[in-house]
Amino acid sequence: MKKLVNDPSDYVDEMLEGMVAAYPDRVRRLDGTKVLVRSDAPVDGKVGVVSGGGSGHEPTHAGYIGDGMLDGAAAGEVFTSPTADELNEMVRACDAGEGVLCVVKNYEGDVMNFDTAAEMAEMEDVEVAQVVVNDDVAVEDSLYTSGRRGVCGTILVHKAVGAKAADGGSLEEVQAVGEKVIDNVRTMGMALTSCITPEKGEETFDLGEDEIELGIGIHGEPGTERTEMMTADEVAEHLTENVLADLDPDDGDDVVSIVNGMGGTPLSELFIVNRKVQEILDDRGLETWDAWVGDYMTSLDMMGCSVTVCRVDDELKELLGAAVDTPALKR
Amino acid sequence: MKKLVNDPSDYVDEMLEGMVAAYPDRVRRLDGTKVLVRSDAPVDGKVGVVSGGGSGHEPTHAGYIGDGMLDGAAAGEVFTSPTADELNEMVRACDAGEGVLCVVKNYEGDVMNFDTAAEMAEMEDVEVAQVVVNDDVAVEDSLYTSGRRGVCGTILVHKAVGAKAADGGSLEEVQAVGEKVIDNVRTMGMALTSCITPEKGEETFDLGEDEIELGIGIHGEPGTERTEMMTADEVAEHLTENVLADLDPDDGDDVVSIVNGMGGTPLSELFIVNRKVQEILDDRGLETWDAWVGDYMTSLDMMGCSVTVCRVDDELKELLGAAVDTPALKR
Amino acid sequence: MADESVQREALITAIENVAARIEDEKSHLTDLDSAIGDADHGNNMYRGFSAVAEKTDEFEEMSPAEVVKTVGTTIIGNVGGAAGPLYGGSLMTASQELEGGITTETSVAFAEAYLDKVQDRGDAPIGAKTMVDALVPAVHTYKKSIEHDDLPPLTAFAKAVEGARRGVAFTVPIKATKGRASFLGWRSVGHQDPGATSTLFIMEEILATAEE
Amino acid sequence: MADESVQREALITAIENVAARIEDEKSHLTDLDSAIGDADHGNNMYRGFSAVAEKTDEFEEMSPAEVVKTVGTTIIGNVGGAAGPLYGGSLMTASQELEGGITTETSVAFAEAYLDKVQDRGDAPIGAKTMVDALVPAVHTYKKSIEHDDLPPLTAFAKAVEGARRGVAFTVPIKATKGRASFLGWRSVGHQDPGATSTLFIMEEILATAEE
Ligand SMILES: Nc1ncnc2c1ncn2[C@@H]1O[C@H](COP(=O)(O)OP(=O)(O)O)[C@@H](O)[C@H]1O
Ligand SMILES: Nc1ncnc2c1ncn2[C@@H]1O[C@H](COP(=O)(O)OP(=O)(O)O)[C@@H](O)[C@H]1O
Ligand SMILES: [Mg+2]
Ligand SMILES: [Mg+2]
Ligand SMILES: [Mg+2]
Ligand SMILES: [Mg+2]
């Protein structure tokens with residue numbers, strides 16, 4: 001296993017030290033935890049916006065701490081939800097009295113730990129609200145599954161709720177914005193290779209030279225389907241068509257698109273995919289109001305990509321287009 | 001070979017189409033070329049700043065087109081210098097009458113093609129100046145080599161000269177700023193794996209499971225030394241110590257540091273490296289005025305990193321800290 | 001049953017044995033969680049139980065109920081993921097049943113409360129391919145053996161472990177409808193559930209401790 | 001020598017043979033440029049000479065000097081990298097020597113001008129492990145065979161090709177001090193230079209064409 005690491009069991013701790021060392025004016029670490037918050041948290045007069053999850057998805061989440069986006073981000077071990085006590089500390093550190101919105105991705109571990117943390121915070125009179133992101137279309141949402149995964153569309157939720165909070169929105173208003181994005185965003189991903197976690201030291205699943213995995217998540221687990229190698233155009237078509245079929249936008253709708261790299265894929269290939277994604281959106285009569293191409297929510301060194309499409313109205317355009325100043329996203 | 005590609009011989013063309021499709025308001029493509037320029041080029045009253053080189057280093061170069069940085073970027077085939085005629089077209093498209101500065105990396109192909117292009121542009125009365133970046137310390141600069149490579153420190157040259165030009169600097173002043181950065185910046189890189197080019201379809205060199213390559217460039221060629229696997233801290237020490245030994249800064253100097261990913265390495269690992277880099281800079285009495293961590297100048301899917309240290313004075317701080325609005329870098 | 005200090009010593013010994021077993025099985029649990037998950041269950045459990053094992057000195061001052069509760073809070077604070085709240089939160093809640101000490105009656109109440117909390121928290125029915133599929137046969141067998149068959153607790157618990165073992169085997173051929181494995185849909189069939197497996201290992205060590 | 005249209009036809013045939021040879025050798029040149037470079041020389045040359053081969057219709061209207069000049073500009077506009085300006089720019093400049101047509105004398109002048117331009121542009125001396133190491137023995141042998149030994153051009157050129165072959169072999173055991181390979185320092189020793197190799201292939205095809 002070839003990684004730039006020291007002792008693998010120090011992976012997350014050292015990563016956080018490196019982040020704080022890079023952005024000492026932007027973030028501080030809560031003592032004895034794996035939580036980073038804005039250096040000036042809690043920010044007076046503003047609803048706090050926090051998120052968190054396993055490590056290994058960088059820049060998600062701490063890369064989005066700053067004006068107009070997150071006040072705090074909790075890092076769990078690689079691919080492991082942070083513990084409830086640390087989430088509670090984060091919520092309390094980001095509460096200026098206006099309440100805190102937690103952006104939670106739909107994984108049982110994330111939801112249970114955030115739920116427990118919310119209970120703990122409320123016992124100390126912090127008002128906590130939550131939105132649960134479930135934008136992945138690869139998995140059916142039914143009584144017979146644990147629902148859909150929260151994947152790259154989460155970044156648009158972070159951006160919109162962060163902007164609403166920065167604009168003085170109340171906790172209810174900020175939560176409503178989050179729900180609005182969730183209602184309007186869909187994503188699907190694929191992988192050319194698995195990823196290697198620092199503790200396991202091997203790929204989490206084996207793909208042959210001629211195989212790809214469709215319907216992947218962000219935790220290195222197998223996808224919904226293994227199939228033959230596809231061209232970039234075929235991948236773009238498969239992902240985008242599935243997303244649009246589920247989102248079912250109308251002709252003339254404005255959208256935000258994201259072609260997101262899983263970590264190991266070169267940026268040039270993401271642009272090759274974007275070329276076909278934009279062609280499909282255009283053919284469907286959709287107007288791409290903003291296109292994002294890059295690594296926003298990764299899975300360590302996995303090669304692959306996901307396509308996100310989010311329908312946007314004037315409110316969401318204003319919020320998604322608002323100024324933001326974080327290490328990983330600026331406008 | 002697993003890549004998100006269609007026909008490998010269309011790689012660069014489709015990547016450029018995907019870029020223009022992502023940023024239609026920011027850039028346009030010069031017909032029949034692989035050159036992208038600002039949509040509003042040439043910008044009146046301003047020295048034009050252009051660069052270019054082989055593809056495969058994204059976001060370098062076109063990711064840096066915009067206010068405060070590049071007016072134009074020429075893409076060659078993967079790892080291949082663009083042709084002189086296209087560089088000439090780019091220079092001419094970015095000339096508003098104040099002259100054009102070309103930021104050239106020190107590779108014989110890049111230098112020869114930019115030189116020819118400058119001759120061609122001057123025949124049409126365009127004033128062209130040039131700076132040649134050679135920040136890599138891994139190779140000795142002597143009569144017996146072709147000099148040092150231009151690598152990630154080039155991004156700081158782009159930023160500083162772009163800011164000086166945006167501030168109304170003359171061609172001579174802009175060039176002088178470029179030379180100043182070049183005098184004060186040093187870089188060294190290493191690789192855990194080679195990279196796979198779309199046309200060749202295989203790794204350009206073979207590294208065993210327990211081997212790494214020190215002193216690499218950005219074109220997938222072998223480095224200066226192959227050695228045993230190192231920890232992240234050992235890598236950070238090796239690269240930073242070599243850079244500092246060559247730069248020889250004084251106690252109390254301010255610096256900008258860059259921990260740059262070669263493309264395939266997860267962001268979390270770059271932060272682990274940054275942790276030790278900042279420790280070393282601090283131990284040496286240097287003040288990190290700004291720390292960059294991310295993929296700035298890559299080598300397709302290569303796993304590895306480079307460390308850049310640039311000594312900065314008040315002028316460079318102003319220029320490096322100035323507002324900039326490009327796809328890959330914003331302030 | 002024996003007095004409080006004997007119960008506490010037995011708990012502490014069980015904890016140490018469980019921690020050692022989890023360490024031995026870390027790779028195996030990781031492998032199970034690779035086939036139908038994100039390859040972290042082994043590390044998560046190891047991290048949590050190592051933290052628990054480090055507290056054995058503190059436990060010397062506590063009642064059995066407090067020991068169990070502290071194991072729960074330590075797991076919540078160290079394991080993370082889905083298993084953290086499920087193991088930890090359930091131990092915390094169920095520990096209340098042991099406030100009068102560990103007796104045959106309170107051990108049944110504890111087992112039931114533990115299972116209830118796991119199902120309340122995780123909302124998984126039987127047959128969802130989770131730890132519940134190891135717990136339900138274990139708890140049902142334990143309760144029935146004691147309350148209906150008048151078996152001694154040690155015998156009842158040995159039967160419960162056998163029930164858990166069948167539960168773990170049962171997770172293999174079914175489709176996951178809860179947890180991360182449910183994202184794999186039909187592809188989850190044919191793979192053993194990691195959380196059910198770690199539950200079995202823990203129960204086996206508790207039984208081994210009790211048999212000494 | 002023959003008249004202009006015969007010269008032109010010979011040039012066009014040589015160009016077609018060179019393009020075919022470069023296509024056949026694309027992988028091999030790529031492999032050479034992987035060991036001590038960035039694995040693009042084969043593709044660069046293939047792309048350039050394919051573009052040249054597509055212009056054979058245009059060539060029908062041109063003088064031999066114009067054909068050679070156009071080959072040069074086409075290479076500059078298509079090859080990129082280090083080889084583009086070196087091959088293309090030198091052909092462009094040296095083509096001026098052929099303005100009176102291809103004669104024994106002008107062919108020597110052409111060869112010298114070509115080598116001069118490569119060394120002027122690239123600043124590489126002999127022994128830097130570049131295409132210059134194939135060109136210098138070839139040009140020196142050609143000039144000497146014609147001007148001092150009064151050999152017929154075809155014989156002189158065959159000897160020149162043999163000289164280039166020795167030059168290519170000579171690049172193997174020496175350390176690169178120009179070009180990308182120089183970044184490898186001592187590690188470049190033991191590997192054959194790609195640009196010298198493609199130069200040899202091109203010369204071999206020109207010789208084969210002339211021999212028909
Ligand atoms: N909703 C649930 N109810 C009961 N058990 C669950 C539930 N979700 C997950 N589990 C259990 O947790 C185990 C996975 O634990 P772990 O890998 O540590 O967490 P994660 O899935 O968050 O990575 C599964 O094997 C399963 O037994
Ligand atoms: N300065 C130089 N002078 C002469 N030949 C050179 C010089 N630099 C490079 N070359 C030749 O160019 C070849 C490499 O060409 P190519 O791989 O196409 O370009 P690049 O090195 O830019 O990738 C080398 O093998 C060498 O023969
Ligand atoms: Mg997990
Ligand atoms: Mg090249
Ligand atoms: Mg897991
Ligand atoms: Mg090359």
# chains A, B, ... in the order shown; residues from 1 in each chain; ligands from 1
>>> closest_atom_pairs(of="chain B", to="ligand 4", cutoff="9 Å", atoms="only C-alpha atoms and all ligand atoms", output="tab-separated table")
residue	atom	partner	partner_atom_place_in_ligand_line	distance
B:Gly54	CA	ligand 4	1 (Mg)	7.1
B:Glu77	CA	ligand 4	1 (Mg)	8.4
B:Val78	CA	ligand 4	1 (Mg)	7.6
B:Phe79	CA	ligand 4	1 (Mg)	4.6
B:Thr80	CA	ligand 4	1 (Mg)	3.7
B:Ser81	CA	ligand 4	1 (Mg)	6.2
B:Tyr107	CA	ligand 4	1 (Mg)	8.8
B:Gly109	CA	ligand 4	1 (Mg)	7.2
B:Asp110	CA	ligand 4	1 (Mg)	8.9
B:His219	CA	ligand 4	1 (Mg)	7.2
>>> interface_residues(of="chain B", to="chain A", cutoff="6 Å", atoms="only C-alpha atoms", output="PyMOL selection string")
chain B and resi 4-6+14-15+17-19+22+58+231-232+263-264+266-269+271-272+274-275+291+300-301
>>> residues_near_ligand(ligand="ligand 2", cutoff="6 Å", atoms="only C-alpha atoms and all ligand atoms", output="number ranges by chain")
B: 80, 108-109; D: 33, 38, 40-41, 44, 81-83, 122-124, 130-132, 178-180, 193-196
>>> write_last_selection(atoms="N, CA, C and O atoms", output="short mmCIF file (atom, residue, chain, number, x, y, z; two decimals), in the first residue's frame")
data_model
loop_
_atom_site.label_atom_id
_atom_site.label_comp_id
_atom_site.auth_asym_id
_atom_site.auth_seq_id
_atom_site.Cartn_x
_atom_site.Cartn_y
_atom_site.Cartn_z
N THR B 80 3.22 17.32 -24.15
CA THR B 80 3.93 17.82 -25.32
C THR B 80 3.72 19.31 -25.46
O THR B 80 2.58 19.79 -25.45
N GLU B 108 13.11 22.22 -23.05
CA GLU B 108 13.56 22.65 -24.38
C GLU B 108 12.42 22.82 -25.36
O GLU B 108 12.38 23.77 -26.12
N GLY B 109 11.45 21.90 -25.31
CA GLY B 109 10.33 22.03 -26.24
C GLY B 109 9.53 23.29 -25.98
O GLY B 109 9.20 24.04 -26.90
N ASP D 33 11.23 6.72 -25.36
CA ASP D 33 10.98 8.00 -24.68
C ASP D 33 10.31 7.82 -23.32
O ASP D 33 10.06 8.78 -22.60
N ASP D 38 9.18 11.41 -21.53
CA ASP D 38 7.79 11.49 -21.12
C ASP D 38 6.85 10.74 -22.04
O ASP D 38 5.67 11.05 -22.10
N ASP D 40 6.19 10.52 -25.17
CA ASP D 40 5.37 11.12 -26.23
C ASP D 40 6.05 11.20 -27.60
O ASP D 40 5.40 11.56 -28.57
N HIS D 41 7.34 10.84 -27.71
CA HIS D 41 8.03 11.06 -28.97
C HIS D 41 7.40 10.29 -30.13
O HIS D 41 7.27 10.82 -31.24
N ASN D 44 4.23 12.04 -31.12
CA ASN D 44 4.51 13.35 -31.70
C ASN D 44 4.93 13.21 -33.16
O ASN D 44 4.43 13.91 -34.04
N GLY D 81 6.47 19.87 -28.73
CA GLY D 81 7.60 19.37 -27.95
C GLY D 81 8.92 19.88 -28.48
O GLY D 81 8.99 20.85 -29.22
N ALA D 82 9.98 19.14 -28.12
CA ALA D 82 11.32 19.55 -28.56
C ALA D 82 11.55 19.18 -30.03
O ALA D 82 12.20 19.91 -30.77
N ALA D 83 11.01 18.06 -30.45
CA ALA D 83 11.30 17.57 -31.80
C ALA D 83 10.70 18.45 -32.88
O ALA D 83 11.25 18.56 -33.98
N GLY D 122 18.88 24.14 -30.77
CA GLY D 122 18.85 23.31 -29.58
C GLY D 122 20.08 23.44 -28.70
O GLY D 122 20.10 22.97 -27.57
N ASP D 123 21.11 24.07 -29.25
CA ASP D 123 22.33 24.34 -28.49
C ASP D 123 22.99 23.06 -27.95
O ASP D 123 23.64 23.07 -26.91
N ALA D 124 22.82 21.96 -28.68
CA ALA D 124 23.42 20.71 -28.20
C ALA D 124 24.72 20.41 -28.96
O ALA D 124 24.74 20.40 -30.19
N THR D 130 21.60 13.37 -28.03
CA THR D 130 20.41 13.84 -28.74
C THR D 130 20.48 13.42 -30.20
O THR D 130 21.43 12.75 -30.60
N MET D 131 19.55 13.91 -30.96
CA MET D 131 19.51 13.66 -32.40
C MET D 131 20.80 14.15 -33.07
O MET D 131 21.16 13.68 -34.15
N VAL D 132 21.45 15.12 -32.44
CA VAL D 132 22.71 15.65 -32.99
C VAL D 132 23.74 14.52 -33.13
O VAL D 132 24.53 14.51 -34.08
N LYS D 178 21.53 17.32 -22.58
CA LYS D 178 20.53 18.20 -23.19
C LYS D 178 19.23 17.43 -23.26
O LYS D 178 19.22 16.21 -23.14
N GLY D 179 18.13 18.19 -23.40
CA GLY D 179 16.85 17.51 -23.51
C GLY D 179 16.33 17.02 -22.17
O GLY D 179 17.00 17.10 -21.14
N ARG D 180 15.15 16.52 -22.20
CA ARG D 180 14.49 16.03 -21.00
C ARG D 180 15.29 14.93 -20.31
O ARG D 180 15.25 14.78 -19.09
N ASP D 193 18.70 7.15 -27.33
CA ASP D 193 17.95 8.39 -27.46
C ASP D 193 16.83 8.28 -28.51
O ASP D 193 17.06 7.84 -29.64
N PRO D 194 15.62 8.70 -28.17
CA PRO D 194 14.50 8.61 -29.11
C PRO D 194 14.67 9.48 -30.36
O PRO D 194 14.41 9.02 -31.47
N GLY D 195 15.09 10.72 -30.16
CA GLY D 195 15.20 11.64 -31.29
C GLY D 195 16.29 11.22 -32.27
O GLY D 195 16.15 11.40 -33.50
N ALA D 196 17.37 10.66 -31.77
CA ALA D 196 18.41 10.15 -32.66
C ALA D 196 17.86 8.96 -33.44
O ALA D 196 18.12 8.80 -34.64
#
>>> interface_residues(of="chain D", to="chain B", cutoff="10 Å", atoms="only C-alpha atoms", output="VMD selection string")
chain D and resid 27 30 to 31 33 to 44 47 73 75 to 86 89 121 to 124 128 175 to 188
>>> residues_around(residues="segment 164-167 of chain C", least_positions_apart="3", cutoff="9 Å", atoms="only C-alpha atoms", output="VMD selection string")
chain C and resid 131 to 139 159 to 161 170 to 171 196 to 197 199 to 200 203
>>> closest_residue(among="C:Leu11, C:Val118, C:Leu154, C:Ile206", to="ligand 1", atoms="only C-alpha atoms and all ligand atoms")
C:Val118
>>> residues_around(residues="Thr33 of chain B", least_positions_apart="3", cutoff="9 Å", atoms="only C-alpha atoms", output="list in words")
Arg29, Leu30, Leu36, Ala74, Ala75, Glu86 and Glu89 of chain B
>>> select_by_dssp(residues="segment 152-294 of chain A", states="strand (DSSP E or B)", output="ChimeraX atom specification")
/A:185-191,196,203,211-214,225-228,254-261,263,287-294
>>> decode(residues="segment 56-82 of chain B", atoms="N, CA and C atoms", output="PDB file, in the first residue's frame")
ATOM      1  N   GLY B  56      -2.343  17.518 -19.367  1.00  0.00           N
ATOM      2  CA  GLY B  56      -2.055  16.502 -18.355  1.00  0.00           C
ATOM      3  C   GLY B  56      -1.641  17.083 -17.021  1.00  0.00           C
ATOM      4  N   HIS B  57      -1.608  18.422 -16.917  1.00  0.00           N
ATOM      5  CA  HIS B  57      -1.192  19.061 -15.667  1.00  0.00           C
ATOM      6  C   HIS B  57      -2.344  19.811 -15.010  1.00  0.00           C
ATOM      7  N   GLU B  58      -3.560  19.593 -15.491  1.00  0.00           N
ATOM      8  CA  GLU B  58      -4.720  20.366 -15.045  1.00  0.00           C
ATOM      9  C   GLU B  58      -4.839  20.390 -13.526  1.00  0.00           C
ATOM     10  N   PRO B  59      -5.195  21.575 -12.960  1.00  0.00           N
ATOM     11  CA  PRO B  59      -5.763  22.745 -13.641  1.00  0.00           C
ATOM     12  C   PRO B  59      -4.781  23.601 -14.443  1.00  0.00           C
ATOM     13  N   THR B  60      -3.486  23.333 -14.326  1.00  0.00           N
ATOM     14  CA  THR B  60      -2.540  24.074 -15.167  1.00  0.00           C
ATOM     15  C   THR B  60      -2.771  23.682 -16.632  1.00  0.00           C
ATOM     16  N   HIS B  61      -2.910  24.671 -17.526  1.00  0.00           N
ATOM     17  CA  HIS B  61      -2.833  26.091 -17.396  1.00  0.00           C
ATOM     18  C   HIS B  61      -4.211  26.780 -17.445  1.00  0.00           C
ATOM     19  N   ALA B  62      -5.157  26.214 -18.207  1.00  0.00           N
ATOM     20  CA  ALA B  62      -6.400  26.955 -18.486  1.00  0.00           C
ATOM     21  C   ALA B  62      -7.238  27.221 -17.249  1.00  0.00           C
ATOM     22  N   GLY B  63      -7.023  26.441 -16.198  1.00  0.00           N
ATOM     23  CA  GLY B  63      -7.761  26.677 -14.957  1.00  0.00           C
ATOM     24  C   GLY B  63      -7.418  28.009 -14.328  1.00  0.00           C
ATOM     25  N   TYR B  64      -6.334  28.632 -14.779  1.00  0.00           N
ATOM     26  CA  TYR B  64      -5.894  29.904 -14.201  1.00  0.00           C
ATOM     27  C   TYR B  64      -6.187  31.092 -15.099  1.00  0.00           C
ATOM     28  N   ILE B  65      -7.085  30.917 -16.085  1.00  0.00           N
ATOM     29  CA  ILE B  65      -7.479  32.034 -16.940  1.00  0.00           C
ATOM     30  C   ILE B  65      -8.521  32.878 -16.205  1.00  0.00           C
ATOM     31  N   GLY B  66      -8.279  34.172 -16.123  1.00  0.00           N
ATOM     32  CA  GLY B  66      -9.266  35.051 -15.511  1.00  0.00           C
ATOM     33  C   GLY B  66      -8.647  36.313 -14.945  1.00  0.00           C
ATOM     34  N   ASP B  67      -9.471  37.130 -14.358  1.00  0.00           N
ATOM     35  CA  ASP B  67      -9.025  38.385 -13.737  1.00  0.00           C
ATOM     36  C   ASP B  67      -7.915  38.138 -12.740  1.00  0.00           C
ATOM     37  N   GLY B  68      -6.808  38.846 -12.955  1.00  0.00           N
ATOM     38  CA  GLY B  68      -5.713  38.756 -11.986  1.00  0.00           C
ATOM     39  C   GLY B  68      -4.743  37.634 -12.229  1.00  0.00           C
ATOM     40  N   MET B  69      -4.919  36.897 -13.311  1.00  0.00           N
ATOM     41  CA  MET B  69      -3.977  35.815 -13.579  1.00  0.00           C
ATOM     42  C   MET B  69      -3.768  35.707 -15.092  1.00  0.00           C
ATOM     43  N   LEU B  70      -4.086  34.603 -15.746  1.00  0.00           N
ATOM     44  CA  LEU B  70      -3.751  34.465 -17.162  1.00  0.00           C
ATOM     45  C   LEU B  70      -4.843  35.010 -18.092  1.00  0.00           C
ATOM     46  N   ASP B  71      -4.378  35.589 -19.200  1.00  0.00           N
ATOM     47  CA  ASP B  71      -5.303  35.964 -20.274  1.00  0.00           C
ATOM     48  C   ASP B  71      -5.480  34.811 -21.255  1.00  0.00           C
ATOM     49  N   GLY B  72      -4.473  33.969 -21.359  1.00  0.00           N
ATOM     50  CA  GLY B  72      -4.562  32.886 -22.320  1.00  0.00           C
ATOM     51  C   GLY B  72      -3.726  31.687 -21.887  1.00  0.00           C
ATOM     52  N   ALA B  73      -4.148  30.508 -22.325  1.00  0.00           N
ATOM     53  CA  ALA B  73      -3.412  29.275 -22.029  1.00  0.00           C
ATOM     54  C   ALA B  73      -3.487  28.366 -23.239  1.00  0.00           C
ATOM     55  N   ALA B  74      -2.324  27.907 -23.703  1.00  0.00           N
ATOM     56  CA  ALA B  74      -2.275  27.006 -24.845  1.00  0.00           C
ATOM     57  C   ALA B  74      -2.044  25.585 -24.349  1.00  0.00           C
ATOM     58  N   ALA B  75      -2.845  24.656 -24.847  1.00  0.00           N
ATOM     59  CA  ALA B  75      -2.718  23.251 -24.457  1.00  0.00           C
ATOM     60  C   ALA B  75      -2.063  22.471 -25.589  1.00  0.00           C
ATOM     61  N   GLY B  76      -0.982  21.804 -25.285  1.00  0.00           N
ATOM     62  CA  GLY B  76      -0.398  20.880 -26.258  1.00  0.00           C
ATOM     63  C   GLY B  76      -1.026  19.515 -26.078  1.00  0.00           C
ATOM     64  N   GLU B  77      -0.588  18.557 -26.853  1.00  0.00           N
ATOM     65  CA  GLU B  77      -0.964  17.162 -26.605  1.00  0.00           C
ATOM     66  C   GLU B  77      -0.419  16.790 -25.216  1.00  0.00           C
ATOM     67  N   VAL B  78      -0.856  15.644 -24.702  1.00  0.00           N
ATOM     68  CA  VAL B  78      -0.451  15.284 -23.343  1.00  0.00           C
ATOM     69  C   VAL B  78       1.078  15.258 -23.225  1.00  0.00           C
ATOM     70  N   PHE B  79       1.579  16.057 -22.313  1.00  0.00           N
ATOM     71  CA  PHE B  79       3.010  16.164 -22.010  1.00  0.00           C
ATOM     72  C   PHE B  79       3.847  16.701 -23.165  1.00  0.00           C
ATOM     73  N   THR B  80       3.216  17.318 -24.147  1.00  0.00           N
ATOM     74  CA  THR B  80       3.928  17.815 -25.321  1.00  0.00           C
ATOM     75  C   THR B  80       3.722  19.315 -25.460  1.00  0.00           C
ATOM     76  N   SER B  81       4.811  20.061 -25.610  1.00  0.00           N
ATOM     77  CA  SER B  81       4.714  21.507 -25.792  1.00  0.00           C
ATOM     78  C   SER B  81       3.780  21.844 -26.945  1.00  0.00           C
ATOM     79  N   PRO B  82       2.972  22.901 -26.801  1.00  0.00           N
ATOM     80  CA  PRO B  82       2.132  23.335 -27.917  1.00  0.00           C
ATOM     81  C   PRO B  82       3.007  23.790 -29.083  1.00  0.00           C
TER      82      PRO B  82
END
